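Some notes on the structure that comes next.
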There are 2 protein chains.
Amino acid sequence: MGRGRHAGYDDQREAILAQSARLFADRGYAGTSMAMVAAACGLSKATLYHYWPDKDALLFAIADGHVQRLQALVAQPPAPRAGARERLATLIAQLVQHYAGAQDAHRVLTAEVRFLPPALRERMLAGEREVVAAFADAVAAVRPELREAALAKPLTMLLFGMVNWMHTWLRPEGPLDHAALAPVVAELFLGGLGAVTGPAPTVRPGLAAPAAAGAPGGQPG
Amino acid sequence: MGRGRHAGYDDQREAILAQSARLFADRGYAGTSMAMVAAACGLSKATLYHYWPDKDALLFAIADGHVQRLQALVAQPPAPRAGARERLATLIAQLVQHYAGAQDAHRVLTAEVRFLPPALRERMLAGEREVVAAFADAVAAVRPELREAALAKPLTMLLFGMVNWMHTWLRPEGPLDHAALAPVVAELFLGGLGAVTGPAPTVRPGLAAPAAAGAPGGQPG
DNA sequence: CCTACCGATCGGTAGG
DNA sequence: CCTACCGATCGGTAGG
C-alpha cells in the first residue's frame, strides 16, 4: 500500500498488469498499444500513465513477477528422505502446475521479453538462469555423469522446451489438462534420462538399441 | 522465372524473403517496418512493393515455405526394413537438422504466424497438422497402446516442444550444435517413450517408482 | 505499352 | 482523471 495513495491503488496496478499480460500474450508487445491497455481497463490513457510510468515497465513487471515466483518454487527445500528421482519429479510437477495458473505471464516471458531494454532484460535473464541452474542440479543428481559430459544443462533445456511449449497446444477445456500431463512429462523425462548415453562420440551403435537402456535406478553407486 | 521479367527477378524476391525472415525473427513482425526490410535489401520501399504485394505476403511466404519443406521431410518413405524406433529416430534427427539450417523461418513460424489474417493462417496450420500427424504416427508405431490412451499426439507435442525450443538456448558457436544434439533428443524421447505408463488414472503409485518402469521394448505383448 | 524503379507524400495512428 | 495535442513513423501508393 503506497503512502498517501488512495485505497485500491495497488489493486488497480495489479488489475492493469493482468489486462496487459493478456493483451501482450494475445497480440504481442509491439502489437499492443497503450490505448488498448487503457480501454481494456476502462481507463483513459492518461489515467493508465498515472499507475505505470511507461510500456516497458508493464512488460518488466509481468515477466519479473513470473520469474520471481519460479525462483520461490525452486527455493523450496526438498521433501526429507526424497530420492533424486522423486525430487526432480516433484519439481517438474510444480513447474507444470505453476504454468497452468500463469499462462499469460508465461507467454509474455517466453515471447516478448526480447523487447525489453538491455538493462531490464539482463535482470530478467539472471533470475531465469537461477531457475534453470536449480533444475540442472536436480537433473545431475539423478545421473551425475551427465554433468561431466556437459549434458545436464542441455537436457534441462530440453525439459523446459517440453513445458514451455505446452501452452501452444494444450487446450484448458480439452480432455487433457496441465494436472493430467504433469506426471506424463515426469515419466517421459525421467525415463529418457536413463537412456541417454552421453555426448555424440560416446554413442556405440553396435550394442542393443541405445535408446532402450533405461536402468531403473540410475544412481551413482 | 517469370515471363517477361528481368533475369534475377525471382532471385530478388528470395533475397527479400531471407532479409525479412531475419528481421521478423529478431524484432518481431509488428516491430519490423517495411522501411527496415527495404533498407536491409538496399532497395527503396517502392521497389520493395514491386516484388511483394504487402507485408502479410512476406510473413506467409516465409512460414509457408518452411512448413512445405517440413511436409516434404515427413513425406519421404522410411528406410526399407527399418523398425519403428529407427524410423522415429531418423525423423527426429532430420527435423533437428532441418531446423539448424532454417532458424529464421522457424522462429517466424513459431512466434509470428498469429499475426497472419485468419485465411492465410488456416492454410499454414493445415500444413503444420500434417507434419504433426506424421510424427504422431511414428510415435504410435513404437508404442501402439499410447494411441488408444490418446497420448500419441500429446507426446508428439512434447517432442516438438523440445525441438522448437532449442533455438532459444543453443548457440551455433557453442560446443554443442544441432548435429550433436539430434541423437541426444532421439535417445531421450525414445527412452522416455518406454517409461510412459498411460494417462493419469492408469498410474499406480503403489508399485516401484512409476517413472522408472521403462521396459526396454514397451511393445503391447 | 512493358518493366523497373525513383522521390515524395497519402490518411491514420503510435507512445507519451 | 480528461481533452487536447506533440514529433515520428506506420503500411501502402501517387505521378512520371
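Chain labels run A, B, ... following the order of the C-alpha cells; each chain numbers its residues from 1, and ligands are numbered from 1 in the order shown.
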Would you mind listing what lies within 9 Å of A:Ala100 as a compact mmCIF listing (two decimals) with all heavy atoms, in the first residue's frame, with only C-alpha atoms (C1' of nucleotides) counted and same-chain residues fewer than 5 positions away left out?
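Saved as selection-v4.txt:
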```txt
# COMPACT_ATOMS: atom_id res chain seq x y z
N LEU A 95 6.42 -27.14 -11.59
CA LEU A 95 6.62 -26.21 -12.71
C LEU A 95 5.40 -26.22 -13.63
O LEU A 95 4.87 -25.17 -13.99
CB LEU A 95 7.87 -26.62 -13.49
CG LEU A 95 8.27 -25.71 -14.66
CD1 LEU A 95 8.80 -24.39 -14.13
CD2 LEU A 95 9.34 -26.38 -15.53
N HIS A 167 1.77 -24.52 -23.82
CA HIS A 167 0.68 -23.54 -24.00
C HIS A 167 0.25 -23.42 -25.45
O HIS A 167 -0.85 -22.93 -25.73
CB HIS A 167 1.11 -22.18 -23.47
CG HIS A 167 2.12 -21.49 -24.32
ND1 HIS A 167 1.76 -20.67 -25.37
CD2 HIS A 167 3.47 -21.51 -24.33
CE1 HIS A 167 2.85 -20.20 -25.95
NE2 HIS A 167 3.91 -20.70 -25.34
N PRO A 172 -7.21 -25.69 -22.35
CA PRO A 172 -7.72 -25.84 -20.98
C PRO A 172 -9.05 -26.60 -20.93
O PRO A 172 -9.30 -27.35 -19.99
CB PRO A 172 -7.90 -24.40 -20.51
CG PRO A 172 -7.04 -23.57 -21.40
CD PRO A 172 -6.96 -24.28 -22.71
N ASP A 177 -5.52 -31.89 -19.23
CA ASP A 177 -5.13 -30.58 -18.70
C ASP A 177 -3.72 -30.67 -18.10
O ASP A 177 -3.07 -31.72 -18.15
CB ASP A 177 -6.14 -30.07 -17.68
CG ASP A 177 -6.25 -31.01 -16.48
OD1 ASP A 177 -5.51 -32.01 -16.43
OD2 ASP A 177 -7.09 -30.75 -15.62
N HIS A 178 -3.26 -29.53 -17.56
CA HIS A 178 -1.91 -29.50 -17.01
C HIS A 178 -1.71 -30.57 -15.94
O HIS A 178 -0.68 -31.24 -15.91
CB HIS A 178 -1.63 -28.11 -16.41
CG HIS A 178 -1.34 -27.06 -17.43
ND1 HIS A 178 -2.31 -26.44 -18.18
CD2 HIS A 178 -0.17 -26.52 -17.85
CE1 HIS A 178 -1.76 -25.57 -18.99
NE2 HIS A 178 -0.46 -25.58 -18.82
N ALA A 179 -2.69 -30.72 -15.07
CA ALA A 179 -2.55 -31.66 -13.96
C ALA A 179 -2.37 -33.09 -14.46
O ALA A 179 -1.56 -33.86 -13.93
CB ALA A 179 -3.77 -31.57 -13.04
```
Chain B least-squares fitted onto chain A over all paired C-alpha atoms, as a tab-separated table (two decimals) with C-alpha atoms, in the first residue's frame:
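part33.tsv written:
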```tsv
chain	number	residue	atom	x	y	z
B	1	MET	CA	-0.26	0.18	-0.04
B	2	GLY	CA	1.38	3.43	-1.05
B	3	ARG	CA	1.66	6.21	1.52
B	4	GLY	CA	-0.90	8.91	0.82
B	5	ARG	CA	-2.42	7.06	-2.10
B	6	HIS	CA	-6.07	6.17	-2.21
B	7	ALA	CA	-7.28	2.74	-1.21
B	8	GLY	CA	-7.14	0.49	-4.25
B	9	TYR	CA	-4.13	2.15	-5.86
B	10	ASP	CA	-2.12	-1.06	-5.71
B	11	ASP	CA	-5.17	-3.08	-6.75
B	12	GLN	CA	-5.54	-0.86	-9.81
B	13	ARG	CA	-1.87	-1.38	-10.67
B	14	GLU	CA	-2.32	-5.15	-10.46
B	15	ALA	CA	-5.50	-5.04	-12.55
B	16	ILE	CA	-3.64	-3.12	-15.26
B	17	LEU	CA	-0.86	-5.72	-15.13
B	18	ALA	CA	-3.30	-8.58	-15.62
B	19	GLN	CA	-4.99	-6.86	-18.59
B	20	SER	CA	-1.70	-6.00	-20.27
B	21	ALA	CA	-0.38	-9.54	-19.71
B	22	ARG	CA	-3.42	-10.88	-21.54
B	23	LEU	CA	-3.08	-8.37	-24.39
B	24	PHE	CA	0.70	-8.81	-24.75
B	25	ALA	CA	0.24	-12.60	-24.75
B	26	ASP	CA	-2.50	-12.51	-27.39
B	27	ARG	CA	-1.29	-9.73	-29.69
B	28	GLY	CA	2.40	-9.40	-28.89
B	29	TYR	CA	4.14	-6.48	-27.18
B	30	ALA	CA	4.75	-4.44	-30.34
B	31	GLY	CA	1.22	-5.23	-31.52
B	32	THR	CA	-0.43	-3.85	-28.39
B	33	SER	CA	-0.88	-0.09	-27.98
B	34	MET	CA	-1.16	1.69	-24.67
B	35	ALA	CA	-4.58	2.84	-25.90
B	36	MET	CA	-5.66	-0.83	-26.05
B	37	VAL	CA	-4.38	-1.45	-22.54
B	38	ALA	CA	-6.21	1.63	-21.27
B	39	ALA	CA	-9.45	0.64	-23.02
B	40	ALA	CA	-9.26	-2.91	-21.63
B	41	CYS	CA	-8.96	-1.41	-18.13
B	42	GLY	CA	-11.78	1.12	-18.64
B	43	LEU	CA	-9.32	3.98	-18.17
B	44	SER	CA	-8.17	6.90	-20.24
B	45	LYS	CA	-4.62	6.68	-21.49
B	46	ALA	CA	-3.60	9.55	-19.21
B	47	THR	CA	-4.95	7.69	-16.20
B	48	LEU	CA	-3.08	4.56	-17.27
B	49	TYR	CA	0.13	6.60	-17.21
B	50	HIS	CA	-0.71	7.70	-13.69
B	51	TYR	CA	-0.28	4.11	-12.51
B	52	TRP	CA	2.66	2.97	-14.63
B	53	PRO	CA	5.44	5.16	-16.05
B	54	ASP	CA	5.64	3.58	-19.51
B	55	LYS	CA	5.03	0.50	-21.64
B	56	ASP	CA	8.39	-1.12	-20.84
B	57	ALA	CA	7.57	-0.98	-17.12
B	58	LEU	CA	4.47	-3.11	-17.76
B	59	LEU	CA	6.44	-5.71	-19.71
B	60	PHE	CA	9.14	-5.87	-17.06
B	61	ALA	CA	6.67	-6.13	-14.15
B	62	ILE	CA	4.79	-8.99	-15.86
B	63	ALA	CA	7.93	-10.99	-16.69
B	64	ASP	CA	9.81	-10.22	-13.47
B	65	GLY	CA	6.86	-11.17	-11.26
B	66	HIS	CA	6.60	-14.49	-13.09
B	67	VAL	CA	10.32	-15.24	-12.76
B	68	GLN	CA	10.27	-14.30	-9.06
B	69	ARG	CA	7.48	-16.80	-8.44
B	70	LEU	CA	9.52	-19.47	-10.24
B	71	GLN	CA	12.51	-18.60	-8.08
B	72	ALA	CA	10.36	-18.99	-4.96
B	73	LEU	CA	9.24	-22.39	-6.27
B	74	VAL	CA	12.76	-23.78	-6.68
B	75	ALA	CA	13.88	-22.22	-3.38
B	76	GLN	CA	11.49	-24.45	-1.41
B	77	PRO	CA	13.43	-27.11	0.51
B	78	PRO	CA	12.93	-30.67	-0.81
B	79	ALA	CA	10.77	-33.06	1.17
B	80	PRO	CA	12.79	-34.78	3.94
B	81	ARG	CA	14.09	-38.24	2.95
B	82	ALA	CA	13.04	-37.68	-0.69
B	83	GLY	CA	15.26	-39.37	-3.27
B	84	ALA	CA	16.76	-37.50	-6.23
B	85	ARG	CA	14.15	-38.90	-8.64
B	86	GLU	CA	11.29	-37.93	-6.33
B	87	ARG	CA	12.74	-34.45	-5.86
B	88	LEU	CA	12.95	-33.89	-9.63
B	89	ALA	CA	9.45	-35.30	-10.22
B	90	THR	CA	8.10	-32.90	-7.59
B	91	LEU	CA	9.85	-29.92	-9.19
B	92	ILE	CA	8.47	-30.84	-12.61
B	93	ALA	CA	4.93	-31.21	-11.24
B	94	GLN	CA	5.18	-27.85	-9.45
B	95	LEU	CA	6.52	-26.14	-12.58
B	96	VAL	CA	3.69	-27.48	-14.74
B	97	GLN	CA	1.09	-26.57	-12.13
B	98	HIS	CA	2.49	-23.08	-11.74
B	99	TYR	CA	2.35	-22.47	-15.50
B	100	ALA	CA	-1.28	-23.60	-15.51
B	101	GLY	CA	-2.20	-20.58	-13.38
B	102	ALA	CA	0.09	-18.06	-15.05
B	103	GLN	CA	-0.33	-18.67	-18.76
B	104	ASP	CA	-0.43	-15.03	-19.86
B	105	ALA	CA	2.69	-14.10	-17.88
B	106	HIS	CA	4.42	-17.24	-19.15
B	107	ARG	CA	3.71	-16.48	-22.79
B	108	VAL	CA	4.88	-12.91	-22.31
B	109	LEU	CA	8.07	-14.12	-20.62
B	110	THR	CA	8.95	-16.58	-23.36
B	111	ALA	CA	7.95	-14.52	-26.40
B	112	GLU	CA	8.13	-10.81	-25.58
B	113	VAL	CA	11.03	-10.27	-23.17
B	114	ARG	CA	13.37	-9.72	-26.12
B	115	PHE	CA	11.70	-6.31	-26.57
B	116	LEU	CA	12.92	-5.11	-23.16
B	117	PRO	CA	15.81	-2.62	-23.02
B	118	PRO	CA	19.08	-4.51	-22.37
B	119	ALA	CA	19.41	-3.49	-18.70
B	120	LEU	CA	15.94	-4.70	-17.75
B	121	ARG	CA	16.29	-7.81	-19.91
B	122	GLU	CA	19.54	-8.71	-18.16
B	123	ARG	CA	17.83	-8.56	-14.74
B	124	MET	CA	15.21	-10.98	-16.04
B	125	LEU	CA	17.69	-13.40	-17.52
B	126	ALA	CA	19.65	-13.53	-14.26
B	127	GLY	CA	16.52	-14.72	-12.48
B	128	GLU	CA	15.79	-17.22	-15.22
B	129	ARG	CA	19.32	-18.64	-15.01
B	130	GLU	CA	18.81	-19.26	-11.29
B	131	VAL	CA	15.69	-21.31	-11.98
B	132	VAL	CA	17.39	-23.30	-14.73
B	133	ALA	CA	20.42	-23.96	-12.49
B	134	ALA	CA	18.17	-25.32	-9.73
B	135	PHE	CA	16.55	-27.75	-12.17
B	136	ALA	CA	19.93	-28.72	-13.62
B	137	ASP	CA	21.10	-29.55	-10.08
B	138	ALA	CA	18.06	-31.77	-9.60
B	139	VAL	CA	18.78	-33.48	-12.93
B	140	ALA	CA	22.44	-34.02	-12.06
B	141	ALA	CA	21.44	-35.48	-8.70
B	142	VAL	CA	19.62	-38.27	-10.56
B	143	ARG	CA	22.50	-39.04	-12.91
B	144	PRO	CA	25.70	-37.29	-11.72
B	145	GLU	CA	27.81	-38.49	-14.65
B	146	LEU	CA	25.68	-36.35	-16.98
B	147	ARG	CA	27.06	-33.21	-15.38
B	148	GLU	CA	30.60	-34.28	-16.18
B	149	ALA	CA	29.49	-34.99	-19.74
B	150	ALA	CA	28.11	-31.40	-19.84
B	151	LEU	CA	24.65	-32.79	-20.54
B	152	ALA	CA	22.83	-31.79	-17.35
B	153	LYS	CA	22.00	-28.32	-18.59
B	154	PRO	CA	21.11	-29.33	-22.16
B	155	LEU	CA	18.79	-32.03	-20.81
B	156	THR	CA	17.27	-29.50	-18.44
B	157	MET	CA	16.62	-27.20	-21.38
B	158	LEU	CA	14.92	-30.06	-23.25
B	159	LEU	CA	12.69	-30.47	-20.18
B	160	PHE	CA	11.89	-26.74	-20.19
B	161	GLY	CA	11.12	-27.05	-23.89
B	162	MET	CA	8.44	-29.66	-23.21
B	163	VAL	CA	6.87	-27.54	-20.48
B	164	ASN	CA	7.28	-24.13	-22.13
B	165	TRP	CA	5.67	-25.43	-25.31
B	166	MET	CA	2.58	-26.85	-23.64
B	167	HIS	CA	0.63	-23.62	-23.91
B	168	THR	CA	0.65	-23.86	-27.71
B	169	TRP	CA	-1.37	-27.08	-27.84
B	170	LEU	CA	-2.92	-27.76	-24.42
B	171	ARG	CA	-6.54	-26.55	-24.39
B	172	PRO	CA	-7.80	-25.81	-20.85
B	173	GLU	CA	-11.25	-27.08	-21.84
B	174	GLY	CA	-9.81	-30.28	-23.38
B	175	PRO	CA	-9.82	-33.74	-21.78
B	176	LEU	CA	-6.18	-33.42	-20.79
B	177	ASP	CA	-5.23	-30.55	-18.48
B	178	HIS	CA	-2.01	-29.46	-16.82
B	179	ALA	CA	-2.66	-31.56	-13.72
B	180	ALA	CA	-3.15	-34.76	-15.75
B	181	LEU	CA	-0.12	-34.06	-17.91
B	182	ALA	CA	2.33	-33.24	-15.09
B	183	PRO	CA	2.97	-36.93	-14.14
B	184	VAL	CA	3.28	-37.85	-17.84
B	185	VAL	CA	6.02	-35.23	-18.29
B	186	ALA	CA	7.78	-36.48	-15.15
B	187	GLU	CA	7.60	-40.12	-16.29
B	188	LEU	CA	8.78	-39.30	-19.80
B	189	PHE	CA	11.72	-37.21	-18.64
B	190	LEU	CA	12.82	-39.41	-15.75
B	191	GLY	CA	12.46	-42.53	-17.87
B	192	GLY	CA	14.40	-40.93	-20.70
B	193	LEU	CA	17.09	-39.73	-18.31
B	194	GLY	CA	18.01	-43.35	-17.59
B	195	ALA	CA	18.39	-44.03	-21.31
B	196	VAL	CA	20.72	-41.17	-22.24
B	197	THR	CA	24.15	-42.64	-22.83
B	198	GLY	CA	26.25	-39.49	-22.95
B	199	PRO	CA	27.56	-37.02	-25.51
B	200	ALA	CA	27.70	-37.92	-29.17
B	201	PRO	CA	31.18	-39.59	-29.28
B	202	THR	CA	30.15	-41.96	-26.46
B	203	VAL	CA	27.29	-43.50	-28.44
B	204	ARG	CA	28.21	-47.04	-29.47
B	205	PRO	CA	26.01	-48.13	-32.38
B	206	GLY	CA	27.45	-51.63	-32.31
B	207	LEU	CA	25.45	-52.50	-29.20
B	208	ALA	CA	21.72	-53.11	-29.01
B	209	ALA	CA	19.51	-50.21	-30.10
B	210	PRO	CA	21.20	-47.36	-28.20
B	211	ALA	CA	17.97	-45.55	-27.38
B	212	ALA	CA	16.66	-48.65	-25.67
B	213	ALA	CA	19.43	-49.10	-23.08
B	214	GLY	CA	17.54	-47.61	-20.13
B	215	ALA	CA	19.05	-49.27	-17.06
B	216	PRO	CA	16.33	-48.43	-14.49
B	217	GLY	CA	18.59	-46.73	-11.98
B	218	GLY	CA	21.23	-45.11	-14.10
B	219	GLN	CA	23.35	-44.40	-11.02
B	220	PRO	CA	27.13	-44.28	-11.52
B	221	GLY	CA	28.02	-47.55	-9.78
```
DSSP-assigned alpha helix (DSSP H) members of stretch 4-183 of chain A, reported as a PyMOL selection string: chain A and resi 9-27+34-41+45-51+55-75+84-100+103-112+118-142+145-148+152-165+178-183
Gap from atom C1' of C:DC5 to atom C1' of D:DG11 - Å, one decimal: 19.2 Å
Got a sec to pull out which chain D residues are within 12 Å of chain B, counting only C-alpha atoms (C1' of nucleotides), and send them as a PDB file with N, CA and C atoms (P, O5', C5', C4', C3', O3' and C1' of nucleotides), in the first residue's frame?
```pdb
ATOM      1  P    DT D   9      11.477   8.574 -36.247  1.00  0.00           P
ATOM      2  O5'  DT D   9      10.152   7.811 -36.734  1.00  0.00           O
ATOM      3  C5'  DT D   9       9.485   6.926 -35.839  1.00  0.00           C
ATOM      4  C4'  DT D   9       8.289   6.322 -36.534  1.00  0.00           C
ATOM      5  C3'  DT D   9       8.619   5.621 -37.865  1.00  0.00           C
ATOM      6  O3'  DT D   9       8.335   4.242 -37.720  1.00  0.00           O
ATOM      7  C1'  DT D   9       6.651   6.927 -38.009  1.00  0.00           C
ATOM      8  P    DC D  10       8.570   3.178 -38.848  1.00  0.00           P
ATOM      9  O5'  DC D  10       7.072   2.729 -39.157  1.00  0.00           O
ATOM     10  C5'  DC D  10       6.274   2.184 -38.103  1.00  0.00           C
ATOM     11  C4'  DC D  10       4.851   2.028 -38.584  1.00  0.00           C
ATOM     12  C3'  DC D  10       4.730   1.403 -39.969  1.00  0.00           C
ATOM     13  O3'  DC D  10       4.694  -0.002 -39.848  1.00  0.00           O
ATOM     14  C1'  DC D  10       3.318   3.323 -39.766  1.00  0.00           C
ATOM     15  P    DG D  11       5.169  -0.955 -41.012  1.00  0.00           P
ATOM     16  O5'  DG D  11       3.920  -0.934 -41.998  1.00  0.00           O
ATOM     17  C5'  DG D  11       2.683  -1.476 -41.584  1.00  0.00           C
ATOM     18  C4'  DG D  11       1.636  -1.251 -42.647  1.00  0.00           C
ATOM     19  C3'  DG D  11       1.937  -1.940 -43.979  1.00  0.00           C
ATOM     20  O3'  DG D  11       0.715  -2.371 -44.562  1.00  0.00           O
ATOM     21  C1'  DG D  11       1.871   0.396 -44.295  1.00  0.00           C
ATOM     22  P    DG D  12       0.704  -3.154 -45.996  1.00  0.00           P
ATOM     23  O5'  DG D  12       0.474  -1.973 -47.040  1.00  0.00           O
ATOM     24  C5'  DG D  12      -0.701  -1.175 -46.923  1.00  0.00           C
ATOM     25  C4'  DG D  12      -0.604  -0.024 -47.900  1.00  0.00           C
ATOM     26  C3'  DG D  12      -0.333  -0.425 -49.353  1.00  0.00           C
ATOM     27  O3'  DG D  12      -1.488  -0.094 -50.119  1.00  0.00           O
ATOM     28  C1'  DG D  12       0.949   1.465 -48.681  1.00  0.00           C
ATOM     29  P    DT D  13      -1.521  -0.300 -51.738  1.00  0.00           P
ATOM     30  O5'  DT D  13      -1.161   1.156 -52.306  1.00  0.00           O
ATOM     31  C5'  DT D  13      -1.957   2.254 -51.918  1.00  0.00           C
ATOM     32  C4'  DT D  13      -1.494   3.509 -52.620  1.00  0.00           C
ATOM     33  C3'  DT D  13      -1.338   3.370 -54.144  1.00  0.00           C
ATOM     34  O3'  DT D  13      -1.999   4.461 -54.756  1.00  0.00           O
ATOM     35  C1'  DT D  13       0.597   4.321 -53.205  1.00  0.00           C
ATOM     36  P    DA D  14      -2.333   4.414 -56.336  1.00  0.00           P
ATOM     37  O5'  DA D  14      -1.928   5.888 -56.805  1.00  0.00           O
ATOM     38  C5'  DA D  14      -2.493   7.002 -56.134  1.00  0.00           C
ATOM     39  C4'  DA D  14      -1.618   8.219 -56.309  1.00  0.00           C
ATOM     40  C3'  DA D  14      -1.088   8.414 -57.724  1.00  0.00           C
ATOM     41  O3'  DA D  14      -1.969   9.267 -58.442  1.00  0.00           O
ATOM     42  C1'  DA D  14       0.684   8.588 -56.162  1.00  0.00           C
TER      43       DA D  14
END
```
